[in-house]
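Engineer: This is coords.txt, which holds compact mmCIF, N, CA and C atoms:
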# COMPACT_ATOMS: atom_id res chain seq x y z
N MET O 170 -79.71 8.23 -9.01
CA MET O 170 -80.20 7.59 -10.21
C MET O 170 -80.28 6.08 -10.01
N ASN O 171 -81.41 5.51 -10.39
CA ASN O 171 -81.58 4.06 -10.25
C ASN O 171 -80.76 3.32 -11.30
N LYS O 172 -80.13 2.25 -10.88
CA LYS O 172 -79.38 1.42 -11.82
C LYS O 172 -80.34 0.62 -12.67
N LYS O 173 -79.98 0.45 -13.92
CA LYS O 173 -80.75 -0.39 -14.83
C LYS O 173 -80.62 -1.84 -14.39
N HIS O 174 -81.69 -2.60 -14.58
CA HIS O 174 -81.68 -4.02 -14.21
C HIS O 174 -81.44 -4.86 -15.46
N VAL O 175 -80.40 -5.68 -15.39
CA VAL O 175 -80.04 -6.57 -16.49
C VAL O 175 -80.03 -8.00 -15.97
N THR O 176 -80.50 -8.92 -16.79
CA THR O 176 -80.41 -10.34 -16.47
C THR O 176 -79.36 -10.94 -17.40
N LEU O 177 -78.43 -11.70 -16.81
CA LEU O 177 -77.34 -12.29 -17.57
C LEU O 177 -77.31 -13.79 -17.32
N TYR O 178 -77.39 -14.56 -18.40
CA TYR O 178 -77.24 -16.01 -18.34
C TYR O 178 -75.91 -16.35 -18.99
N THR O 179 -75.17 -17.30 -18.41
CA THR O 179 -73.86 -17.66 -18.95
C THR O 179 -73.63 -19.17 -18.90
N ASP O 180 -72.76 -19.63 -19.79
CA ASP O 180 -72.35 -21.04 -19.74
C ASP O 180 -71.03 -21.21 -20.49
N GLY O 181 -70.29 -22.22 -20.10
CA GLY O 181 -69.05 -22.57 -20.76
C GLY O 181 -69.07 -24.04 -21.15
N ALA O 182 -68.25 -24.39 -22.13
CA ALA O 182 -68.18 -25.77 -22.59
C ALA O 182 -66.76 -26.08 -23.01
N CYS O 183 -66.38 -27.33 -22.90
CA CYS O 183 -65.04 -27.73 -23.30
C CYS O 183 -65.11 -29.11 -23.95
N SER O 184 -64.36 -29.29 -25.02
CA SER O 184 -64.25 -30.58 -25.68
C SER O 184 -62.92 -31.16 -25.23
N GLY O 185 -62.97 -31.96 -24.18
CA GLY O 185 -61.77 -32.37 -23.47
C GLY O 185 -61.52 -31.31 -22.40
N ASN O 186 -60.88 -31.67 -21.32
CA ASN O 186 -60.66 -30.70 -20.25
C ASN O 186 -59.28 -30.95 -19.64
N PRO O 187 -58.22 -30.32 -20.16
CA PRO O 187 -58.24 -29.20 -21.10
C PRO O 187 -58.48 -29.64 -22.54
N GLY O 188 -58.83 -28.65 -23.34
CA GLY O 188 -59.08 -28.87 -24.75
C GLY O 188 -59.65 -27.61 -25.36
N ALA O 189 -60.26 -27.76 -26.52
CA ALA O 189 -60.91 -26.62 -27.16
C ALA O 189 -62.18 -26.30 -26.38
N GLY O 190 -62.45 -25.00 -26.18
CA GLY O 190 -63.60 -24.62 -25.38
C GLY O 190 -64.34 -23.42 -25.95
N GLY O 191 -65.56 -23.26 -25.47
CA GLY O 191 -66.37 -22.13 -25.88
C GLY O 191 -67.17 -21.59 -24.71
N TRP O 192 -67.64 -20.37 -24.87
CA TRP O 192 -68.49 -19.75 -23.85
C TRP O 192 -69.64 -19.05 -24.55
N GLY O 193 -70.74 -18.91 -23.83
CA GLY O 193 -71.90 -18.21 -24.36
C GLY O 193 -72.59 -17.42 -23.26
N ALA O 194 -73.20 -16.32 -23.66
CA ALA O 194 -73.93 -15.49 -22.69
C ALA O 194 -75.13 -14.85 -23.38
N VAL O 195 -76.18 -14.66 -22.61
CA VAL O 195 -77.37 -13.97 -23.08
C VAL O 195 -77.67 -12.86 -22.08
N LEU O 196 -77.72 -11.62 -22.58
CA LEU O 196 -78.07 -10.46 -21.75
C LEU O 196 -79.48 -10.03 -22.10
N LEU O 197 -80.28 -9.82 -21.05
CA LEU O 197 -81.67 -9.39 -21.23
C LEU O 197 -81.86 -8.06 -20.50
N TYR O 198 -82.40 -7.08 -21.24
CA TYR O 198 -82.70 -5.78 -20.66
C TYR O 198 -84.00 -5.31 -21.29
N GLY O 199 -85.05 -5.26 -20.49
CA GLY O 199 -86.36 -4.90 -21.03
C GLY O 199 -86.72 -5.86 -22.16
N GLU O 200 -87.02 -5.32 -23.32
CA GLU O 200 -87.37 -6.13 -24.47
C GLU O 200 -86.15 -6.53 -25.30
N SER O 201 -84.98 -6.02 -24.91
CA SER O 201 -83.76 -6.28 -25.69
C SER O 201 -83.07 -7.55 -25.23
N LYS O 202 -82.49 -8.24 -26.21
CA LYS O 202 -81.74 -9.47 -25.92
C LYS O 202 -80.47 -9.44 -26.77
N LEU O 203 -79.32 -9.71 -26.12
CA LEU O 203 -78.05 -9.78 -26.82
C LEU O 203 -77.42 -11.13 -26.53
N GLU O 204 -77.06 -11.86 -27.59
CA GLU O 204 -76.38 -13.13 -27.45
C GLU O 204 -74.94 -12.95 -27.90
N ILE O 205 -73.99 -13.43 -27.09
CA ILE O 205 -72.57 -13.34 -27.42
C ILE O 205 -71.91 -14.67 -27.15
N SER O 206 -70.80 -14.93 -27.82
CA SER O 206 -70.08 -16.18 -27.60
C SER O 206 -68.67 -16.05 -28.14
N GLY O 207 -67.83 -16.98 -27.74
CA GLY O 207 -66.46 -17.02 -28.21
C GLY O 207 -65.82 -18.33 -27.81
N GLY O 208 -64.60 -18.55 -28.28
CA GLY O 208 -63.94 -19.81 -27.96
C GLY O 208 -62.43 -19.69 -27.98
N GLU O 209 -61.77 -20.71 -27.45
CA GLU O 209 -60.32 -20.79 -27.42
C GLU O 209 -59.91 -22.22 -27.76
N ARG O 210 -58.76 -22.35 -28.40
CA ARG O 210 -58.29 -23.68 -28.83
C ARG O 210 -57.80 -24.56 -27.68
N GLU O 211 -57.18 -23.96 -26.67
CA GLU O 211 -56.63 -24.74 -25.55
C GLU O 211 -57.03 -24.06 -24.25
N THR O 212 -57.96 -24.66 -23.53
CA THR O 212 -58.50 -24.03 -22.32
C THR O 212 -59.10 -25.10 -21.42
N THR O 213 -59.81 -24.67 -20.38
CA THR O 213 -60.53 -25.59 -19.51
C THR O 213 -61.98 -25.14 -19.39
N ASN O 214 -62.81 -26.04 -18.92
CA ASN O 214 -64.22 -25.73 -18.73
C ASN O 214 -64.38 -24.57 -17.74
N ASN O 215 -63.63 -24.59 -16.64
CA ASN O 215 -63.76 -23.51 -15.65
C ASN O 215 -63.38 -22.15 -16.23
N ARG O 216 -62.35 -22.11 -17.05
CA ARG O 216 -61.97 -20.84 -17.68
C ARG O 216 -63.10 -20.35 -18.60
N MET O 217 -63.74 -21.25 -19.30
CA MET O 217 -64.83 -20.85 -20.20
C MET O 217 -66.04 -20.35 -19.41
N GLU O 218 -66.32 -20.99 -18.27
CA GLU O 218 -67.42 -20.53 -17.41
C GLU O 218 -67.14 -19.11 -16.93
N LEU O 219 -65.92 -18.85 -16.48
CA LEU O 219 -65.55 -17.52 -15.99
C LEU O 219 -65.57 -16.49 -17.13
N LEU O 220 -65.06 -16.88 -18.28
CA LEU O 220 -64.99 -15.95 -19.40
C LEU O 220 -66.39 -15.55 -19.87
N ALA O 221 -67.34 -16.46 -19.80
CA ALA O 221 -68.72 -16.13 -20.18
C ALA O 221 -69.26 -15.01 -19.30
N VAL O 222 -69.01 -15.09 -18.00
CA VAL O 222 -69.48 -14.06 -17.07
C VAL O 222 -68.75 -12.75 -17.34
N ILE O 223 -67.43 -12.82 -17.49
CA ILE O 223 -66.63 -11.61 -17.74
C ILE O 223 -67.09 -10.91 -19.01
N GLU O 224 -67.22 -11.65 -20.09
CA GLU O 224 -67.60 -11.04 -21.37
C GLU O 224 -69.01 -10.47 -21.31
N GLY O 225 -69.90 -11.13 -20.60
CA GLY O 225 -71.26 -10.59 -20.43
C GLY O 225 -71.24 -9.27 -19.68
N LEU O 226 -70.52 -9.23 -18.57
CA LEU O 226 -70.45 -8.00 -17.77
C LEU O 226 -69.73 -6.88 -18.52
N LYS O 227 -68.75 -7.23 -19.33
CA LYS O 227 -68.01 -6.22 -20.09
C LYS O 227 -68.89 -5.52 -21.13
N ARG O 228 -70.00 -6.13 -21.51
CA ARG O 228 -70.91 -5.51 -22.49
C ARG O 228 -71.74 -4.37 -21.89
N LEU O 229 -71.77 -4.29 -20.56
CA LEU O 229 -72.58 -3.25 -19.90
C LEU O 229 -71.83 -1.93 -19.94
N LYS O 230 -72.51 -0.89 -20.40
CA LYS O 230 -71.85 0.40 -20.63
C LYS O 230 -71.74 1.26 -19.37
N TYR O 231 -72.54 0.97 -18.35
CA TYR O 231 -72.49 1.72 -17.10
C TYR O 231 -72.94 0.79 -15.98
N PRO O 232 -72.70 1.17 -14.72
CA PRO O 232 -73.04 0.28 -13.59
C PRO O 232 -74.52 -0.10 -13.60
N CYS O 233 -74.76 -1.39 -13.47
CA CYS O 233 -76.13 -1.94 -13.50
C CYS O 233 -76.35 -2.87 -12.32
N HIS O 234 -77.62 -3.14 -12.05
CA HIS O 234 -77.99 -4.23 -11.14
C HIS O 234 -78.12 -5.46 -12.04
N VAL O 235 -77.36 -6.51 -11.75
CA VAL O 235 -77.33 -7.68 -12.61
C VAL O 235 -77.75 -8.93 -11.83
N ASP O 236 -78.77 -9.60 -12.34
CA ASP O 236 -79.09 -10.94 -11.85
C ASP O 236 -78.39 -11.90 -12.79
N LEU O 237 -77.40 -12.61 -12.26
CA LEU O 237 -76.56 -13.49 -13.06
C LEU O 237 -76.91 -14.95 -12.78
N TYR O 238 -77.20 -15.69 -13.84
CA TYR O 238 -77.60 -17.09 -13.72
C TYR O 238 -76.56 -17.96 -14.42
N SER O 239 -76.00 -18.91 -13.66
CA SER O 239 -74.97 -19.80 -14.19
C SER O 239 -75.18 -21.20 -13.60
N ASP O 240 -74.82 -22.22 -14.39
CA ASP O 240 -74.86 -23.58 -13.86
C ASP O 240 -73.51 -24.00 -13.29
N SER O 241 -72.57 -23.06 -13.22
CA SER O 241 -71.22 -23.34 -12.72
C SER O 241 -71.14 -23.11 -11.21
N ALA O 242 -71.10 -24.19 -10.45
CA ALA O 242 -70.95 -24.07 -9.00
C ALA O 242 -69.62 -23.38 -8.68
N TYR O 243 -68.60 -23.65 -9.49
CA TYR O 243 -67.27 -23.05 -9.33
C TYR O 243 -67.38 -21.52 -9.33
N THR O 244 -68.08 -20.98 -10.29
CA THR O 244 -68.22 -19.53 -10.42
C THR O 244 -69.14 -18.95 -9.36
N VAL O 245 -70.32 -19.52 -9.22
CA VAL O 245 -71.33 -18.97 -8.30
C VAL O 245 -70.87 -19.08 -6.85
N SER O 246 -70.37 -20.24 -6.46
CA SER O 246 -69.97 -20.45 -5.06
C SER O 246 -68.82 -19.55 -4.63
N ALA O 247 -67.95 -19.18 -5.56
CA ALA O 247 -66.84 -18.29 -5.20
C ALA O 247 -67.38 -16.99 -4.60
N PHE O 248 -68.54 -16.55 -5.07
CA PHE O 248 -69.13 -15.32 -4.55
C PHE O 248 -70.14 -15.59 -3.43
N THR O 249 -71.02 -16.57 -3.61
CA THR O 249 -72.06 -16.80 -2.60
C THR O 249 -71.50 -17.40 -1.32
N GLU O 250 -70.37 -18.13 -1.42
CA GLU O 250 -69.76 -18.75 -0.24
C GLU O 250 -68.60 -17.92 0.31
N GLY O 251 -68.29 -16.80 -0.33
CA GLY O 251 -67.24 -15.91 0.16
C GLY O 251 -65.82 -16.36 -0.14
N TRP O 252 -65.66 -17.36 -1.02
CA TRP O 252 -64.32 -17.84 -1.32
C TRP O 252 -63.45 -16.74 -1.89
N ILE O 253 -64.02 -15.94 -2.80
CA ILE O 253 -63.20 -14.95 -3.50
C ILE O 253 -62.63 -13.91 -2.55
N SER O 254 -63.40 -13.53 -1.53
CA SER O 254 -62.89 -12.58 -0.53
C SER O 254 -61.71 -13.18 0.22
N SER O 255 -61.83 -14.44 0.58
CA SER O 255 -60.74 -15.12 1.29
C SER O 255 -59.51 -15.25 0.40
N TRP O 256 -59.73 -15.61 -0.86
CA TRP O 256 -58.60 -15.74 -1.79
C TRP O 256 -57.85 -14.42 -1.91
N GLU O 257 -58.61 -13.34 -2.10
CA GLU O 257 -57.99 -12.03 -2.26
C GLU O 257 -57.21 -11.64 -1.00
N LYS O 258 -57.84 -11.85 0.15
CA LYS O 258 -57.21 -11.52 1.43
C LYS O 258 -55.94 -12.33 1.65
N ASN O 259 -55.92 -13.57 1.16
CA ASN O 259 -54.78 -14.46 1.36
C ASN O 259 -53.79 -14.42 0.20
N GLY O 260 -53.79 -13.33 -0.56
CA GLY O 260 -52.83 -13.21 -1.66
C GLY O 260 -53.10 -14.19 -2.79
N TRP O 261 -54.39 -14.47 -3.04
CA TRP O 261 -54.82 -15.40 -4.10
C TRP O 261 -54.30 -16.81 -3.86
N ARG O 262 -54.38 -17.20 -2.57
CA ARG O 262 -54.09 -18.57 -2.18
C ARG O 262 -55.32 -19.16 -1.52
N LYS O 263 -55.52 -20.45 -1.75
CA LYS O 263 -56.65 -21.16 -1.15
C LYS O 263 -56.33 -21.49 0.31
N ALA O 264 -57.29 -22.01 1.01
CA ALA O 264 -57.13 -22.35 2.42
C ALA O 264 -55.97 -23.32 2.64
N ASP O 265 -55.71 -24.18 1.66
CA ASP O 265 -54.61 -25.15 1.80
C ASP O 265 -53.25 -24.55 1.42
N GLY O 266 -53.23 -23.24 1.11
CA GLY O 266 -51.98 -22.57 0.78
C GLY O 266 -51.59 -22.63 -0.69
N LYS O 267 -52.31 -23.45 -1.47
CA LYS O 267 -52.00 -23.56 -2.89
C LYS O 267 -52.56 -22.35 -3.64
N PRO O 268 -51.90 -21.98 -4.75
CA PRO O 268 -52.39 -20.83 -5.51
C PRO O 268 -53.77 -21.10 -6.12
N VAL O 269 -54.58 -20.06 -6.18
CA VAL O 269 -55.89 -20.14 -6.82
C VAL O 269 -55.66 -20.29 -8.32
N LEU O 270 -56.35 -21.23 -8.95
CA LEU O 270 -56.27 -21.39 -10.40
C LEU O 270 -57.07 -20.28 -11.08
N ASN O 271 -56.68 -19.93 -12.27
CA ASN O 271 -57.39 -18.93 -13.08
C ASN O 271 -57.41 -17.56 -12.43
N VAL O 272 -56.36 -17.24 -11.67
CA VAL O 272 -56.33 -15.98 -10.91
C VAL O 272 -56.51 -14.76 -11.83
N ASP O 273 -55.99 -14.83 -13.06
CA ASP O 273 -56.15 -13.70 -13.99
C ASP O 273 -57.62 -13.40 -14.25
N LEU O 274 -58.40 -14.46 -14.44
CA LEU O 274 -59.83 -14.27 -14.71
C LEU O 274 -60.60 -13.87 -13.44
N TRP O 275 -60.25 -14.48 -12.32
CA TRP O 275 -60.91 -14.12 -11.05
C TRP O 275 -60.69 -12.64 -10.74
N GLN O 276 -59.48 -12.14 -10.95
CA GLN O 276 -59.20 -10.73 -10.66
C GLN O 276 -59.98 -9.81 -11.60
N GLU O 277 -60.05 -10.18 -12.88
CA GLU O 277 -60.83 -9.37 -13.82
C GLU O 277 -62.31 -9.40 -13.45
N LEU O 278 -62.81 -10.58 -13.11
CA LEU O 278 -64.22 -10.71 -12.74
C LEU O 278 -64.53 -9.92 -11.47
N LEU O 279 -63.65 -9.98 -10.49
CA LEU O 279 -63.86 -9.25 -9.25
C LEU O 279 -63.98 -7.75 -9.51
N GLY O 280 -63.13 -7.22 -10.38
CA GLY O 280 -63.23 -5.80 -10.75
C GLY O 280 -64.57 -5.46 -11.37
N LEU O 281 -65.07 -6.33 -12.24
CA LEU O 281 -66.37 -6.09 -12.88
C LEU O 281 -67.51 -6.19 -11.87
N VAL O 282 -67.41 -7.15 -10.97
CA VAL O 282 -68.46 -7.33 -9.95
C VAL O 282 -68.51 -6.11 -9.03
N ARG O 283 -67.36 -5.50 -8.79
CA ARG O 283 -67.32 -4.31 -7.94
C ARG O 283 -67.88 -3.07 -8.65
N THR O 284 -67.94 -3.11 -9.97
CA THR O 284 -68.51 -2.01 -10.75
C THR O 284 -70.04 -2.08 -10.75
N HIS O 285 -70.55 -3.30 -10.75
CA HIS O 285 -71.99 -3.52 -10.83
C HIS O 285 -72.50 -4.12 -9.52
N GLU O 286 -73.81 -4.13 -9.37
CA GLU O 286 -74.44 -4.87 -8.26
C GLU O 286 -74.83 -6.21 -8.83
N VAL O 287 -74.05 -7.24 -8.55
CA VAL O 287 -74.29 -8.55 -9.15
C VAL O 287 -74.83 -9.51 -8.09
N VAL O 288 -75.94 -10.15 -8.39
CA VAL O 288 -76.50 -11.19 -7.55
C VAL O 288 -76.35 -12.50 -8.32
N PHE O 289 -75.61 -13.44 -7.73
CA PHE O 289 -75.34 -14.72 -8.39
C PHE O 289 -76.43 -15.72 -8.07
N HIS O 290 -76.89 -16.43 -9.09
CA HIS O 290 -77.91 -17.47 -8.94
C HIS O 290 -77.40 -18.74 -9.61
N LYS O 291 -77.43 -19.85 -8.89
CA LYS O 291 -77.03 -21.14 -9.44
C LYS O 291 -78.26 -21.79 -10.06
N VAL O 292 -78.13 -22.21 -11.31
CA VAL O 292 -79.22 -22.93 -11.97
C VAL O 292 -78.73 -24.33 -12.32
N LYS O 293 -79.66 -25.24 -12.47
CA LYS O 293 -79.32 -26.60 -12.84
C LYS O 293 -79.00 -26.64 -14.33
N GLY O 294 -77.85 -27.21 -14.66
CA GLY O 294 -77.45 -27.29 -16.07
C GLY O 294 -78.19 -28.39 -16.80
N HIS O 295 -78.34 -28.21 -18.10
CA HIS O 295 -78.95 -29.22 -18.97
C HIS O 295 -80.32 -29.66 -18.45
N ALA O 296 -81.09 -28.69 -17.96
CA ALA O 296 -82.42 -28.97 -17.43
C ALA O 296 -83.45 -28.21 -18.26
N ASP O 297 -84.43 -27.61 -17.59
CA ASP O 297 -85.52 -26.97 -18.33
C ASP O 297 -85.43 -25.44 -18.33
N ASN O 298 -84.24 -24.89 -18.07
CA ASN O 298 -84.08 -23.44 -18.09
C ASN O 298 -83.73 -23.02 -19.52
N GLU O 299 -84.67 -22.39 -20.19
CA GLU O 299 -84.53 -22.05 -21.60
C GLU O 299 -83.28 -21.21 -21.89
N MET O 300 -83.02 -20.20 -21.06
CA MET O 300 -81.87 -19.32 -21.32
C MET O 300 -80.55 -20.02 -21.03
N ASN O 301 -80.51 -20.88 -19.99
CA ASN O 301 -79.29 -21.63 -19.73
C ASN O 301 -79.02 -22.61 -20.87
N ASN O 302 -80.06 -23.22 -21.39
CA ASN O 302 -79.90 -24.13 -22.52
C ASN O 302 -79.41 -23.37 -23.76
N ARG O 303 -79.90 -22.14 -23.94
CA ARG O 303 -79.45 -21.33 -25.08
C ARG O 303 -77.96 -21.00 -24.93
N CYS O 304 -77.53 -20.65 -23.71
CA CYS O 304 -76.11 -20.36 -23.47
C CYS O 304 -75.26 -21.59 -23.72
N ASP O 305 -75.75 -22.74 -23.32
CA ASP O 305 -75.02 -23.99 -23.57
C ASP O 305 -74.86 -24.21 -25.07
N ALA O 306 -75.91 -23.98 -25.84
CA ALA O 306 -75.84 -24.14 -27.29
C ALA O 306 -74.85 -23.14 -27.90
N LEU O 307 -74.88 -21.89 -27.43
CA LEU O 307 -73.94 -20.87 -27.93
C LEU O 307 -72.50 -21.28 -27.61
N ALA O 308 -72.27 -21.74 -26.39
CA ALA O 308 -70.92 -22.13 -25.96
C ALA O 308 -70.42 -23.31 -26.79
N ARG O 309 -71.27 -24.32 -26.98
CA ARG O 309 -70.83 -25.49 -27.73
C ARG O 309 -70.59 -25.15 -29.20
N ALA O 310 -71.40 -24.26 -29.76
CA ALA O 310 -71.20 -23.83 -31.15
C ALA O 310 -69.92 -23.01 -31.33
N ALA O 311 -69.45 -22.39 -30.26
CA ALA O 311 -68.26 -21.54 -30.33
C ALA O 311 -66.95 -22.30 -30.11
N VAL O 312 -67.03 -23.58 -29.76
CA VAL O 312 -65.81 -24.38 -29.56
C VAL O 312 -65.09 -24.49 -30.90
N PRO O 313 -63.82 -24.03 -30.97
CA PRO O 313 -63.08 -24.12 -32.24
C PRO O 313 -62.94 -25.57 -32.70
N ARG O 314 -63.18 -25.77 -33.98
CA ARG O 314 -63.02 -27.10 -34.59
C ARG O 314 -61.69 -27.10 -35.33
N GLU O 315 -61.02 -28.21 -35.33
CA GLU O 315 -59.71 -28.30 -36.03
C GLU O 315 -59.86 -28.12 -37.51
Go through the file and emit its structure as structure tokens.
Structural biologist:
Amino acid sequence: MNKKHVTLYTDGACSGNPGAGGWGAVLLYGESKLEISGGERETTNNRMELLAVIEGLKRLKYPCHVDLYSDSAYTVSAFTEGWISSWEKNGWRKADGKPVLNVDLWQELLGLVRTHEVVFHKVKGHADNEMNNRCDALARAAVPRE
């Protein structure tokens, strides 16, 4: 059976780093579009970037082929440059021996990526990519206000 093809755009935002943060994602499948977002009172930009990807992938009901677009070099490079494989192999430690930050999210994301066929694409943030700009707006709107 052929896997369904889904396009996922994601973005995270933080007001202060650390500080209040939000994430946004847009899933596209055929003519269907789903926008999701959420936020946390005390977080970091990197955690919000990762959470956007995790929450987007968690919306998929069965294994899919996913083209994932993010402006987060942190998130995309972990997969395209093989960092995540090295981290896992080294007990979630970086090359310098220090622990990987956000290991809880990386482990959850790795499990989701292994369920689906995910191709990571780095896009330029705050540029002319309509869906990335929409994710940025969703993420910023989801940042909790005091």
Engineer: I'd like the interatomic distance between CA of Glu299 (chain O) and CA of Tyr231 (chain O), to a tenth of an Å.
Structural biologist: 27.0 Å
Engineer: If you run DSSP over the backbone, which residues in region 226-264 of chain O end up strand (DSSP E or B)? Put them as a PyMOL selection string.
Structural biologist: chain O and resi 233-239+262
Engineer: Go ahead and write the selection's residues with N, CA and C atoms as a short mmCIF file (atom, residue, chain, number, x, y, z; two decimals), keeping the file's coordinate frame.
Structural biologist:
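Saved result, part.cif, follows:
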data_model
loop_
_atom_site.label_atom_id
_atom_site.label_comp_id
_atom_site.auth_asym_id
_atom_site.auth_seq_id
_atom_site.Cartn_x
_atom_site.Cartn_y
_atom_site.Cartn_z
N CYS O 233 -74.76 -1.39 -13.47
CA CYS O 233 -76.13 -1.94 -13.50
C CYS O 233 -76.35 -2.87 -12.32
N HIS O 234 -77.62 -3.14 -12.05
CA HIS O 234 -77.99 -4.23 -11.14
C HIS O 234 -78.12 -5.46 -12.04
N VAL O 235 -77.36 -6.51 -11.75
CA VAL O 235 -77.33 -7.68 -12.61
C VAL O 235 -77.75 -8.93 -11.83
N ASP O 236 -78.77 -9.60 -12.34
CA ASP O 236 -79.09 -10.94 -11.85
C ASP O 236 -78.39 -11.90 -12.79
N LEU O 237 -77.40 -12.61 -12.26
CA LEU O 237 -76.56 -13.49 -13.06
C LEU O 237 -76.91 -14.95 -12.78
N TYR O 238 -77.20 -15.69 -13.84
CA TYR O 238 -77.60 -17.09 -13.72
C TYR O 238 -76.56 -17.96 -14.42
N SER O 239 -76.00 -18.91 -13.66
CA SER O 239 -74.97 -19.80 -14.19
C SER O 239 -75.18 -21.20 -13.60
N ARG O 262 -54.38 -17.20 -2.57
CA ARG O 262 -54.09 -18.57 -2.18
C ARG O 262 -55.32 -19.16 -1.52
#
Engineer: In the coordinate frame of the file, compute which residues have an atom within 12 Å of (-57.4, -29.0, -22.3) when using only C-alpha atoms, and state them as a list in words.
Structural biologist: Ala182, Cys183, Ser184, Gly185, Asn186, Pro187, Gly188, Ala189, Gly190, Gly191, Glu209, Arg210, Glu211, Thr212, Thr213, Asn214, Asn215, Arg216 and Met217 of chain O
Engineer: Considering only helix (DSSP H, G or I) as DSSP defines it on the backbone, what residues of chain O qualify? List them as number ranges by chain.
Structural biologist: O: 214-227, 242-249, 252-258, 272-284, 299-310
Engineer: Gly260 (chain O): which residues within 8 Å, counting only N, CA and C atoms, same-chain residues fewer than 6 positions away excluded, as a ChimeraX atom specification?
Structural biologist: /O:254,268-269
Engineer: Sorted by chain and rising residue number, list the residues of region 210-230 of chain O at most 8 Å from region 281-292 of chain O (counting only N, CA and C atoms), each with its closest atom pair and distance in Å to one decimal, as CSV.
Structural biologist:
residue,atom,partner,partner_atom,distance
O:Ile223,CA,O:Leu281,CA,7.4
O:Leu226,C,O:Leu281,CA,6.6
O:Lys227,N,O:Leu281,CA,7.0
Engineer: Quick one: distance from CA of Asp240 (chain O) to CA of Cys304 (chain O) in Å, one decimal?
Structural biologist: 10.2 Å
